[in-house]
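So this one's upload_13.cif, mmCIF, C-alpha atoms:
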data_structure
loop_
_atom_site.label_atom_id
_atom_site.label_comp_id
_atom_site.auth_asym_id
_atom_site.auth_seq_id
_atom_site.Cartn_x
_atom_site.Cartn_y
_atom_site.Cartn_z
CA MET F 12 0.00 0.00 0.00
CA PRO F 13 1.51 3.38 -0.95
CA LEU F 14 2.37 5.77 1.86
CA SER F 15 -0.20 8.19 0.44
CA LYS F 16 -2.89 5.79 1.72
CA ILE F 17 -1.69 5.62 5.34
CA GLN F 18 -4.48 6.72 7.69
CA THR F 19 -4.53 8.08 11.20
CA VAL F 20 -6.48 6.53 14.08
CA ASP F 21 -9.22 8.99 13.20
CA ASN F 22 -9.38 7.43 9.74
CA GLN F 23 -7.95 10.56 8.08
CA VAL F 24 -5.62 10.16 5.12
CA ILE F 25 -2.24 11.77 5.84
CA PRO F 26 0.38 12.90 3.31
CA ASN F 27 3.35 10.77 2.29
CA LEU F 28 6.22 10.77 4.73
CA GLY F 29 9.49 12.68 4.16
CA ARG F 30 11.86 12.29 1.21
CA ARG F 31 8.98 11.47 -1.08
CA ASN F 32 9.98 13.87 -3.88
CA LYS F 33 12.10 12.12 -6.52
CA ILE F 34 13.01 15.48 -8.10
CA ILE F 35 16.18 17.15 -6.83
CA ASN F 36 16.10 20.95 -6.55
CA GLY F 37 12.44 21.09 -7.53
CA ASP F 38 12.09 24.55 -5.99
CA PHE F 39 15.25 25.85 -7.75
CA GLN F 40 17.17 26.82 -4.62
CA VAL F 41 20.54 25.69 -5.97
CA PHE F 42 22.16 27.30 -9.00
CA GLN F 43 25.91 26.82 -8.64
CA LYS F 44 26.64 28.23 -12.09
CA GLY F 45 25.35 31.61 -10.98
CA SER F 46 22.07 33.46 -10.87
CA GLY F 47 20.53 35.41 -13.72
CA GLY F 48 19.71 34.46 -17.28
CA ALA F 49 21.47 32.06 -19.62
CA THR F 50 20.80 30.78 -23.12
CA ALA F 51 20.20 27.04 -22.87
CA ALA F 52 22.05 24.61 -25.13
CA ASP F 53 21.01 21.19 -26.40
CA ASN F 54 21.81 18.23 -24.17
CA ALA F 55 23.27 20.55 -21.53
CA TYR F 56 22.62 22.18 -18.17
CA ALA F 57 22.10 25.94 -17.90
CA LYS F 58 22.20 27.75 -14.54
CA THR F 59 19.84 25.75 -12.31
CA ASP F 60 21.28 22.52 -10.88
CA ARG F 61 19.84 19.18 -12.05
CA PHE F 62 17.64 20.61 -14.82
CA LYS F 63 18.80 19.82 -18.33
CA TYR F 64 17.69 20.99 -21.77
CA PHE F 65 17.08 19.26 -25.06
CA ILE F 66 16.65 21.77 -27.86
CA SER F 67 16.43 21.87 -31.63
CA GLY F 68 15.74 25.08 -33.52
CA VAL F 69 14.20 26.92 -30.55
CA THR F 70 16.21 29.66 -28.84
CA THR F 71 15.49 29.06 -25.16
CA THR F 72 16.60 31.32 -22.30
CA GLN F 73 16.52 30.21 -18.68
CA ASP F 74 16.22 32.82 -15.94
CA GLN F 75 16.01 32.61 -12.17
CA GLN F 76 13.07 34.68 -10.91
CA SER F 77 12.33 35.67 -7.31
CA PHE F 78 8.93 35.49 -5.67
CA THR F 79 7.66 38.54 -3.80
CA HIS F 80 7.57 37.88 -0.07
CA GLY F 81 4.06 37.17 1.10
CA GLN F 82 2.70 36.20 -2.31
CA THR F 83 -0.08 33.61 -2.22
CA ASP F 84 -0.04 32.23 -5.78
CA VAL F 85 2.34 29.43 -4.76
CA PRO F 86 2.03 28.41 -1.08
CA GLY F 87 4.87 27.79 1.35
CA GLU F 88 6.89 30.95 0.68
CA PRO F 89 9.19 29.57 -2.04
CA THR F 90 12.10 31.86 -2.89
CA TYR F 91 12.48 31.23 -6.61
CA PHE F 92 10.74 30.08 -9.75
CA MET F 93 12.25 29.24 -13.13
CA ARG F 94 11.39 31.17 -16.29
CA ASN F 95 12.02 29.68 -19.72
CA THR F 96 11.60 32.08 -22.62
CA LEU F 97 11.11 30.43 -26.03
CA ALA F 98 11.59 32.41 -29.23
CA SER F 99 9.21 32.01 -32.15
CA ASN F 100 9.62 28.64 -33.93
CA SER F 101 7.64 26.88 -36.64
CA GLY F 102 9.66 23.93 -37.94
CA SER F 103 8.22 20.43 -37.77
CA SER F 104 11.47 19.21 -36.18
CA ASN F 105 11.76 22.02 -33.63
CA TYR F 106 11.50 21.31 -29.91
CA SER F 107 12.42 22.69 -26.49
CA ILE F 108 12.36 20.38 -23.47
CA LEU F 109 13.12 20.91 -19.79
CA ALA F 110 14.30 17.62 -18.28
CA GLN F 111 15.59 15.94 -15.14
CA HIS F 112 17.46 12.65 -15.00
CA ILE F 113 16.48 10.75 -11.86
CA GLU F 114 19.30 8.39 -11.02
CA ASP F 115 18.64 4.62 -11.29
CA VAL F 116 16.06 3.39 -13.81
CA LYS F 117 14.53 1.18 -11.12
CA THR F 118 13.09 4.37 -9.61
CA CYS F 119 9.28 4.11 -9.81
CA ALA F 120 9.48 1.27 -12.37
CA GLY F 121 6.10 -0.46 -12.68
CA GLN F 122 4.53 1.98 -10.21
CA GLU F 123 1.83 4.61 -10.37
CA VAL F 124 3.32 8.08 -9.93
CA THR F 125 2.02 11.62 -9.67
CA LEU F 126 3.88 14.66 -10.96
CA SER F 127 2.76 18.02 -9.59
CA PHE F 128 4.03 21.51 -10.32
CA TYR F 129 2.98 25.15 -10.41
CA ALA F 130 3.17 26.86 -13.78
CA LYS F 131 2.02 29.78 -15.88
CA SER F 132 2.75 31.19 -19.33
CA SER F 133 2.85 34.62 -20.91
CA VAL F 134 0.61 33.15 -23.62
CA ASN F 135 -2.77 31.99 -22.38
CA GLY F 136 -3.45 28.45 -23.60
CA ASN F 137 0.15 27.34 -24.03
CA LYS F 138 0.56 23.69 -23.08
CA VAL F 139 3.19 21.50 -21.47
CA ALA F 140 3.56 17.83 -22.44
CA ILE F 141 4.70 15.53 -19.63
CA GLU F 142 6.65 12.46 -20.69
CA PHE F 143 8.71 9.83 -18.88
CA ASN F 144 11.56 7.91 -20.53
CA GLN F 145 13.79 5.11 -19.26
CA SER F 146 17.53 4.89 -19.90
CA PHE F 147 19.12 1.61 -18.81
CA GLY F 148 22.72 2.70 -18.40
CA THR F 149 26.06 1.68 -19.81
CA GLY F 150 25.73 -1.71 -21.51
CA GLY F 151 22.00 -1.86 -20.79
CA SER F 152 18.91 -2.22 -22.98
CA ASN F 153 17.93 0.43 -25.49
CA ARG F 154 16.31 3.60 -24.17
CA VAL F 155 12.51 3.53 -23.97
CA THR F 156 10.61 6.75 -24.72
CA SER F 157 7.09 7.49 -23.47
CA ALA F 158 7.53 4.78 -20.84
CA GLN F 159 4.14 5.49 -19.30
CA THR F 160 0.43 4.79 -19.57
CA GLY F 161 -0.71 5.16 -23.18
CA ASP F 162 2.86 5.41 -24.50
CA THR F 163 2.47 9.13 -25.10
CA ALA F 164 2.92 12.38 -23.20
CA GLN F 165 0.09 13.94 -21.20
CA LEU F 166 -0.86 17.56 -21.84
CA VAL F 167 -1.69 20.31 -19.36
CA THR F 168 -2.96 23.73 -20.46
CA LEU F 169 -1.52 26.82 -18.81
CA THR F 170 -3.00 30.24 -18.10
CA THR F 171 -1.27 33.53 -17.37
CA SER F 172 -1.54 32.99 -13.60
CA PHE F 173 0.19 30.41 -11.44
CA ALA F 174 -1.86 27.26 -10.83
CA ARG F 175 -0.98 23.75 -9.68
CA TYR F 176 -1.11 20.97 -12.24
CA THR F 177 -0.98 17.22 -11.64
CA VAL F 178 -0.33 14.30 -13.95
CA THR F 179 -0.84 10.72 -12.73
CA THR F 180 0.45 7.82 -14.80
CA THR F 181 2.11 4.41 -14.45
CA ILE F 182 5.77 4.01 -15.34
CA ASP F 183 6.60 0.97 -17.48
CA SER F 184 7.94 -2.17 -15.83
CA ILE F 185 11.60 -2.99 -16.45
CA ALA F 186 10.95 -6.75 -16.51
CA GLY F 187 13.15 -8.39 -19.13
CA LYS F 188 15.45 -5.38 -19.47
CA THR F 189 19.21 -5.48 -19.13
CA LEU F 190 20.48 -2.87 -16.68
CA GLY F 191 23.86 -1.22 -16.61
CA PRO F 192 25.31 0.11 -13.34
CA SER F 193 22.62 1.94 -11.36
CA ASN F 194 24.64 5.17 -11.31
CA THR F 195 24.56 5.28 -15.13
CA SER F 196 20.85 4.48 -15.61
CA PHE F 197 17.99 6.89 -14.99
CA LEU F 198 14.31 7.66 -15.18
CA GLU F 199 13.92 10.78 -17.28
CA LEU F 200 11.27 13.47 -16.86
CA TYR F 201 10.54 15.49 -20.01
CA MET F 202 8.54 18.72 -19.81
CA TRP F 203 7.98 19.60 -23.47
CA MET F 204 7.45 23.33 -24.00
CA SER F 205 7.48 23.15 -27.80
CA GLY F 206 7.36 20.17 -30.13
CA GLY F 207 6.83 20.27 -33.88
CA SER F 208 4.65 17.86 -35.81
CA ASP F 209 7.49 15.33 -36.21
CA TYR F 210 7.05 14.33 -32.57
CA SER F 211 3.83 12.38 -32.16
CA ARG F 212 5.02 11.30 -28.70
CA ALA F 213 4.44 14.92 -27.60
CA ASN F 214 0.72 14.31 -28.14
CA GLY F 215 0.10 17.10 -30.63
CA LEU F 216 1.76 19.80 -28.53
CA GLY F 217 2.85 21.84 -31.53
CA ASN F 218 5.23 24.79 -31.89
CA GLN F 219 4.95 27.27 -29.03
CA SER F 220 6.75 30.39 -27.82
CA GLY F 221 6.66 32.82 -24.91
CA ASP F 222 7.48 32.51 -21.21
CA PHE F 223 7.00 29.23 -19.36
CA ASP F 224 7.31 29.68 -15.58
CA PHE F 225 7.67 26.68 -13.25
CA ALA F 226 7.74 26.32 -9.47
CA ASP F 227 7.76 23.47 -6.93
CA ILE F 228 8.12 20.45 -9.21
CA GLN F 229 7.45 17.18 -7.37
CA LEU F 230 7.33 13.51 -8.43
CA GLU F 231 6.07 10.90 -5.97
CA THR F 232 4.65 7.41 -5.97
CA GLY F 233 0.90 6.92 -5.71
CA ASP F 234 -2.09 8.71 -7.17
CA VAL F 235 -2.18 11.63 -4.72
CA ALA F 236 -0.37 14.96 -5.19
CA THR F 237 0.73 15.81 -1.66
CA PRO F 238 1.91 19.28 -0.61
CA PHE F 239 5.34 20.17 -1.96
CA GLU F 240 8.12 18.74 0.20
CA ARG F 241 10.09 21.87 1.10
CA ARG F 242 13.55 20.83 2.22
CA PRO F 243 16.23 23.16 3.62
CA PHE F 244 18.86 24.59 1.30
CA HIS F 245 21.77 22.61 2.75
CA GLU F 246 20.01 19.30 2.01
CA GLN F 247 19.23 20.29 -1.57
CA GLU F 248 22.77 21.52 -2.10
CA HIS F 249 24.17 18.26 -0.69
CA ASP F 250 22.08 16.25 -3.18
CA CYS F 251 23.21 18.48 -6.06
CA HIS F 252 26.87 18.00 -5.12
CA ARG F 253 26.62 14.34 -6.14
CA TYR F 254 26.37 15.56 -9.73
CA TYR F 255 28.11 18.94 -9.88
CA TYR F 256 30.39 20.87 -7.56
CA LYS F 257 31.84 24.32 -8.04
CA ARG F 258 34.45 25.37 -5.53
CA PRO F 259 33.33 28.89 -4.52
CA ALA F 260 35.61 31.88 -4.90
CA GLN F 261 34.98 33.10 -1.37
CA GLY F 262 33.12 32.28 1.81
CA THR F 263 33.55 29.57 4.42
CA GLN F 264 32.19 26.58 2.52
CA GLU F 265 35.72 25.24 1.95
CA ASP F 266 36.52 24.96 5.66
CA ASP F 267 35.07 21.48 6.13
CA LEU F 268 37.07 19.94 3.28
CA ILE F 269 40.26 17.95 3.87
CA LEU F 270 43.51 18.91 2.20
CA SER F 271 46.75 16.93 2.35
CA SER F 272 50.03 16.98 0.45
CA ASP F 273 53.28 15.05 0.29
CA TYR F 274 56.04 14.32 -2.22
CA ASN F 275 57.32 11.21 -3.95
CA ASN F 276 61.00 11.06 -3.01
CA SER F 277 61.61 14.14 -5.08
CA THR F 278 61.62 17.84 -4.41
CA SER F 279 59.87 18.37 -7.74
CA ASN F 280 56.97 15.95 -7.39
CA PHE F 281 54.39 17.20 -4.90
CA TRP F 282 50.81 15.97 -4.59
CA MET F 283 47.79 17.57 -2.98
CA GLU F 284 44.46 15.85 -2.37
CA TYR F 285 41.17 17.74 -2.25
CA TYR F 286 38.12 15.96 -0.82
CA TYR F 287 34.65 16.84 -2.14
CA PRO F 288 31.68 17.56 0.13
CA ARG F 289 30.30 14.14 -0.83
CA LYS F 290 30.99 11.17 -3.10
CA MET F 291 30.03 12.00 -6.68
CA ARG F 292 27.95 9.86 -9.05
CA VAL F 293 30.94 8.91 -11.23
CA ARG F 294 34.48 10.19 -11.67
CA PRO F 295 33.90 13.85 -12.53
CA SER F 296 35.51 16.01 -15.17
CA TYR F 297 37.65 18.90 -13.90
CA SER F 298 37.40 22.31 -15.58
CA SER F 299 37.13 26.10 -15.22
CA ALA F 300 40.06 26.39 -12.82
CA SER F 301 41.51 29.71 -11.69
CA GLY F 302 43.26 31.27 -8.74
CA TRP F 303 45.91 28.67 -7.94
CA VAL F 304 48.73 30.20 -5.89
CA THR F 305 52.32 29.94 -7.20
CA GLN F 306 51.60 27.19 -9.75
CA THR F 307 48.72 25.46 -11.51
CA PRO F 308 48.61 21.64 -11.26
CA GLN F 309 50.68 19.71 -13.78
CA THR F 310 48.63 16.52 -13.46
CA ILE F 311 45.04 16.06 -12.26
CA ASN F 312 43.58 12.70 -11.23
CA GLU F 313 39.86 12.83 -10.49
CA GLY F 314 38.14 10.24 -8.32
CA GLU F 315 34.57 9.89 -7.10
CA ARG F 316 35.53 11.12 -3.62
CA HIS F 317 38.57 13.33 -4.11
CA VAL F 318 40.88 14.82 -6.71
CA ALA F 319 44.69 14.63 -6.62
CA PHE F 320 46.79 17.49 -7.97
CA GLN F 321 50.47 17.13 -8.88
CA PHE F 322 52.88 20.08 -8.75
CA THR F 323 56.57 20.56 -9.41
CA ASN F 324 56.67 23.40 -6.90
CA GLY F 325 56.17 22.52 -3.25
CA SER F 326 54.94 26.00 -2.37
CA ALA F 327 51.85 25.75 -4.58
CA TYR F 328 48.52 25.82 -2.77
CA LEU F 329 44.89 26.90 -3.08
CA ASP F 330 43.09 29.54 -1.07
CA ARG F 331 39.64 31.09 -1.08
CA SER F 332 40.25 32.68 -4.47
CA THR F 333 40.86 29.28 -6.08
CA THR F 334 37.93 28.01 -8.11
CA PHE F 335 37.27 24.92 -10.20
CA VAL F 336 34.36 22.79 -11.37
CA LEU F 337 33.80 19.04 -10.97
CA ASP F 338 31.06 17.74 -13.25
CA ALA F 339 29.45 14.30 -12.86
CA ASN F 340 26.05 15.17 -14.30
CA ASN F 341 24.09 12.50 -16.16
#

Show me the file's structure as structure tokens.
Amino acid sequence: MPLSKIQTVDNQVIPNLGRRNKIINGDFQVFQKGSGGATAADNAYAKTDRFKYFISGVTTTQDQQSFTHGQTDVPGEPTYFMRNTLASNSGSSNYSILAQHIEDVKTCAGQEVTLSFYAKSSVNGNKVAIEFNQSFGTGGSNRVTSAQTGDTAQLVTLTTSFARYTVTTTIDSIAGKTLGPSNTSFLELYMWMSGGSDYSRANGLGNQSGDFDFADIQLETGDVATPFERRPFHEQEHDCHRYYYKRPAQGTQEDDLILSSDYNNSTSNFWMEYYYPRKMRVRPSYSSASGWVTQTPQTINEGERHVAFQFTNGSAYLDRSTTFVLDANN
């Protein structure tokens, strides 16, 4: 019996218990790449952590918007909502999709789920098509699209004011499928904002443009949309660090990380280890480094838990001005 059906002694249905939301950063608290607007690219992340874009022929801009304190359109005093601005598009092969990859394809497999979110559009009557796909990981079975009831996306119609929308469906079973490692497989949420006529799986969505604003996105098992699970910032940030970590340029967030260094029987072969806030999904890629003191690393060996830097100068070190990015997004 799903947790959404648990009842009290007074026979009252109570909401699901904690950690029910499968979406990470569903209220857009974490944006390690910086606030403000950014033009989204195909098969890439923009500013907001854990939300990815798939785009063809539709210029799409993501922007982080702030709620006014005390507003009542979206309950619970959320801080931010996400705005996606789509330019005019008319091609049959054009599309713009906001997505999240939910680690491990076993997540919700064969189960009834409910997606809920608040949304509005600058164009009254614009629609969003909700689709779930299954990716079975490295060496696994072929990806399955529209892995849900009816094998097609479900449409919701937006107005120019925030309202809550819910979609209940059943995710396909993975019986008979070959799975790769769980950290390389995922359940994929697609929120189609535009989809030309080539994409029947988008259920006739069509080409659309304008602003698409989203807030408080939640995916949970069962057929009930419970109130949004509002988790504190540090928990959301911790979850995001499994997939992406940017060492900040200033502040005190570095103080809890472990640094060590030694040398390998040579005065010109020094190593420093830097431990991440948490173990990452896979070995990350290292990029966007700046601010090393005395010398930049000559060799970099990334692991899932720490990165090792090799220097030829024993006086090299990092301080609060040193920045770099470790990317293990899926």

- For the file shown, report as JSON, numbers by chain the outcome of the PyMOL selection byres ((chain F and resi 69) around 9) at residue level. {"F": [66, 67, 68, 70, 71, 97, 98, 99, 100, 101, 105, 106, 107, 205, 220]}

- Item | Pairwise distance for CA of Gln40 in chain F and CA of Met204 in chain F, rounded to one decimal in Å | 22.0 Å

- Item | Expected answer as a PyMOL selection string: all residues with atoms within 12 Å of (17.5, 7.4, -25.4), only C-alpha atoms | chain F and resi 54+65+112+143-149+151-158+196-199+201

- Message: Assuming the chain letters and numbering stay as they are in my file, what does the PyMOL selection byres ((chain F and resi 321-326) around 7) actually select? List them as a count of residues only.
- Response: 15

- Can you tell me, as a ChimeraX atom specification, what residues are no more than 8 Å from Tyr91 in chain F when counting all atoms listed in the file, ignoring any on the same chain fewer than 6 positions away? /F:38-40,75-78,226

Could the residues in this selection be written to a file with C-alpha atoms, as an mmCIF file, in the coordinates of the input?
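result.cif, freshly written:
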data_model
loop_
_atom_site.group_PDB
_atom_site.id
_atom_site.type_symbol
_atom_site.label_atom_id
_atom_site.label_comp_id
_atom_site.auth_asym_id
_atom_site.auth_seq_id
_atom_site.Cartn_x
_atom_site.Cartn_y
_atom_site.Cartn_z
ATOM 1 C CA ASP F 38 12.090 24.550 -5.990
ATOM 2 C CA PHE F 39 15.250 25.850 -7.750
ATOM 3 C CA GLN F 40 17.170 26.820 -4.620
ATOM 4 C CA GLN F 75 16.010 32.610 -12.170
ATOM 5 C CA GLN F 76 13.070 34.680 -10.910
ATOM 6 C CA SER F 77 12.330 35.670 -7.310
ATOM 7 C CA PHE F 78 8.930 35.490 -5.670
ATOM 8 C CA ALA F 226 7.740 26.320 -9.470
#

- Which of F:Val85, F:Ser103, F:Ser46, F:Thr170 sits closest to Ser208 in chain F [using only C-alpha atoms]: F:Ser103

The PyMOL selection byres ((chain F and resi 179) around 8) - which residues does that actually catch in the file I just gave you? List them as a CSV table (one decimal) with C-alpha atoms, in the frame of the given file.
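Here's the written file result-v4.csv:
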chain,number,residue,atom,x,y,z
F,123,GLU,CA,1.8,4.6,-10.4
F,124,VAL,CA,3.3,8.1,-9.9
F,125,THR,CA,2.0,11.6,-9.7
F,126,LEU,CA,3.9,14.7,-11.0
F,177,THR,CA,-1.0,17.2,-11.6
F,178,VAL,CA,-0.3,14.3,-14.0
F,180,THR,CA,0.4,7.8,-14.8
F,181,THR,CA,2.1,4.4,-14.4
F,234,ASP,CA,-2.1,8.7,-7.2

- Point-to-point distance from CA of Lys58 in chain F to CA of Val304 in chain F, Å rounded to tenths: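 Spanning CA of Lys58 in chain F to CA of Val304 in chain F is a straight-line distance of 28.0 Å.
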
Got a sec to write range 34-101 of chain F of the block to a file, C-alpha atoms, as a PDB file, in the first residue's frame?
ATOM      1  CA  ILE F  34      13.015  15.475  -8.097  1.00  0.00           C
ATOM      2  CA  ILE F  35      16.179  17.149  -6.834  1.00  0.00           C
ATOM      3  CA  ASN F  36      16.102  20.953  -6.551  1.00  0.00           C
ATOM      4  CA  GLY F  37      12.439  21.089  -7.530  1.00  0.00           C
ATOM      5  CA  ASP F  38      12.093  24.553  -5.994  1.00  0.00           C
ATOM      6  CA  PHE F  39      15.247  25.854  -7.748  1.00  0.00           C
ATOM      7  CA  GLN F  40      17.167  26.824  -4.622  1.00  0.00           C
ATOM      8  CA  VAL F  41      20.536  25.692  -5.974  1.00  0.00           C
ATOM      9  CA  PHE F  42      22.158  27.301  -9.003  1.00  0.00           C
ATOM     10  CA  GLN F  43      25.910  26.817  -8.642  1.00  0.00           C
ATOM     11  CA  LYS F  44      26.642  28.230 -12.093  1.00  0.00           C
ATOM     12  CA  GLY F  45      25.346  31.607 -10.977  1.00  0.00           C
ATOM     13  CA  SER F  46      22.066  33.465 -10.875  1.00  0.00           C
ATOM     14  CA  GLY F  47      20.530  35.414 -13.717  1.00  0.00           C
ATOM     15  CA  GLY F  48      19.710  34.465 -17.279  1.00  0.00           C
ATOM     16  CA  ALA F  49      21.472  32.058 -19.623  1.00  0.00           C
ATOM     17  CA  THR F  50      20.804  30.776 -23.115  1.00  0.00           C
ATOM     18  CA  ALA F  51      20.200  27.043 -22.871  1.00  0.00           C
ATOM     19  CA  ALA F  52      22.050  24.613 -25.134  1.00  0.00           C
ATOM     20  CA  ASP F  53      21.008  21.192 -26.405  1.00  0.00           C
ATOM     21  CA  ASN F  54      21.811  18.229 -24.167  1.00  0.00           C
ATOM     22  CA  ALA F  55      23.270  20.551 -21.534  1.00  0.00           C
ATOM     23  CA  TYR F  56      22.619  22.175 -18.169  1.00  0.00           C
ATOM     24  CA  ALA F  57      22.096  25.936 -17.904  1.00  0.00           C
ATOM     25  CA  LYS F  58      22.202  27.746 -14.538  1.00  0.00           C
ATOM     26  CA  THR F  59      19.841  25.748 -12.305  1.00  0.00           C
ATOM     27  CA  ASP F  60      21.275  22.522 -10.880  1.00  0.00           C
ATOM     28  CA  ARG F  61      19.843  19.176 -12.054  1.00  0.00           C
ATOM     29  CA  PHE F  62      17.639  20.607 -14.825  1.00  0.00           C
ATOM     30  CA  LYS F  63      18.801  19.821 -18.331  1.00  0.00           C
ATOM     31  CA  TYR F  64      17.686  20.990 -21.773  1.00  0.00           C
ATOM     32  CA  PHE F  65      17.081  19.257 -25.058  1.00  0.00           C
ATOM     33  CA  ILE F  66      16.647  21.774 -27.857  1.00  0.00           C
ATOM     34  CA  SER F  67      16.433  21.867 -31.632  1.00  0.00           C
ATOM     35  CA  GLY F  68      15.741  25.081 -33.517  1.00  0.00           C
ATOM     36  CA  VAL F  69      14.197  26.923 -30.546  1.00  0.00           C
ATOM     37  CA  THR F  70      16.209  29.664 -28.844  1.00  0.00           C
ATOM     38  CA  THR F  71      15.491  29.064 -25.156  1.00  0.00           C
ATOM     39  CA  THR F  72      16.598  31.324 -22.301  1.00  0.00           C
ATOM     40  CA  GLN F  73      16.517  30.206 -18.680  1.00  0.00           C
ATOM     41  CA  ASP F  74      16.216  32.817 -15.938  1.00  0.00           C
ATOM     42  CA  GLN F  75      16.014  32.611 -12.170  1.00  0.00           C
ATOM     43  CA  GLN F  76      13.071  34.680 -10.908  1.00  0.00           C
ATOM     44  CA  SER F  77      12.335  35.672  -7.309  1.00  0.00           C
ATOM     45  CA  PHE F  78       8.933  35.492  -5.668  1.00  0.00           C
ATOM     46  CA  THR F  79       7.659  38.539  -3.800  1.00  0.00           C
ATOM     47  CA  HIS F  80       7.573  37.878  -0.073  1.00  0.00           C
ATOM     48  CA  GLY F  81       4.059  37.173   1.099  1.00  0.00           C
ATOM     49  CA  GLN F  82       2.697  36.203  -2.309  1.00  0.00           C
ATOM     50  CA  THR F  83      -0.083  33.607  -2.218  1.00  0.00           C
ATOM     51  CA  ASP F  84      -0.041  32.229  -5.778  1.00  0.00           C
ATOM     52  CA  VAL F  85       2.341  29.427  -4.759  1.00  0.00           C
ATOM     53  CA  PRO F  86       2.033  28.413  -1.080  1.00  0.00           C
ATOM     54  CA  GLY F  87       4.874  27.787   1.349  1.00  0.00           C
ATOM     55  CA  GLU F  88       6.890  30.950   0.685  1.00  0.00           C
ATOM     56  CA  PRO F  89       9.193  29.568  -2.037  1.00  0.00           C
ATOM     57  CA  THR F  90      12.101  31.861  -2.895  1.00  0.00           C
ATOM     58  CA  TYR F  91      12.480  31.228  -6.612  1.00  0.00           C
ATOM     59  CA  PHE F  92      10.740  30.080  -9.750  1.00  0.00           C
ATOM     60  CA  MET F  93      12.252  29.238 -13.131  1.00  0.00           C
ATOM     61  CA  ARG F  94      11.394  31.173 -16.287  1.00  0.00           C
ATOM     62  CA  ASN F  95      12.017  29.677 -19.720  1.00  0.00           C
ATOM     63  CA  THR F  96      11.595  32.076 -22.623  1.00  0.00           C
ATOM     64  CA  LEU F  97      11.106  30.434 -26.026  1.00  0.00           C
ATOM     65  CA  ALA F  98      11.594  32.408 -29.227  1.00  0.00           C
ATOM     66  CA  SER F  99       9.213  32.007 -32.150  1.00  0.00           C
ATOM     67  CA  ASN F 100       9.618  28.643 -33.929  1.00  0.00           C
ATOM     68  CA  SER F 101       7.641  26.881 -36.643  1.00  0.00           C
TER      69      SER F 101
END
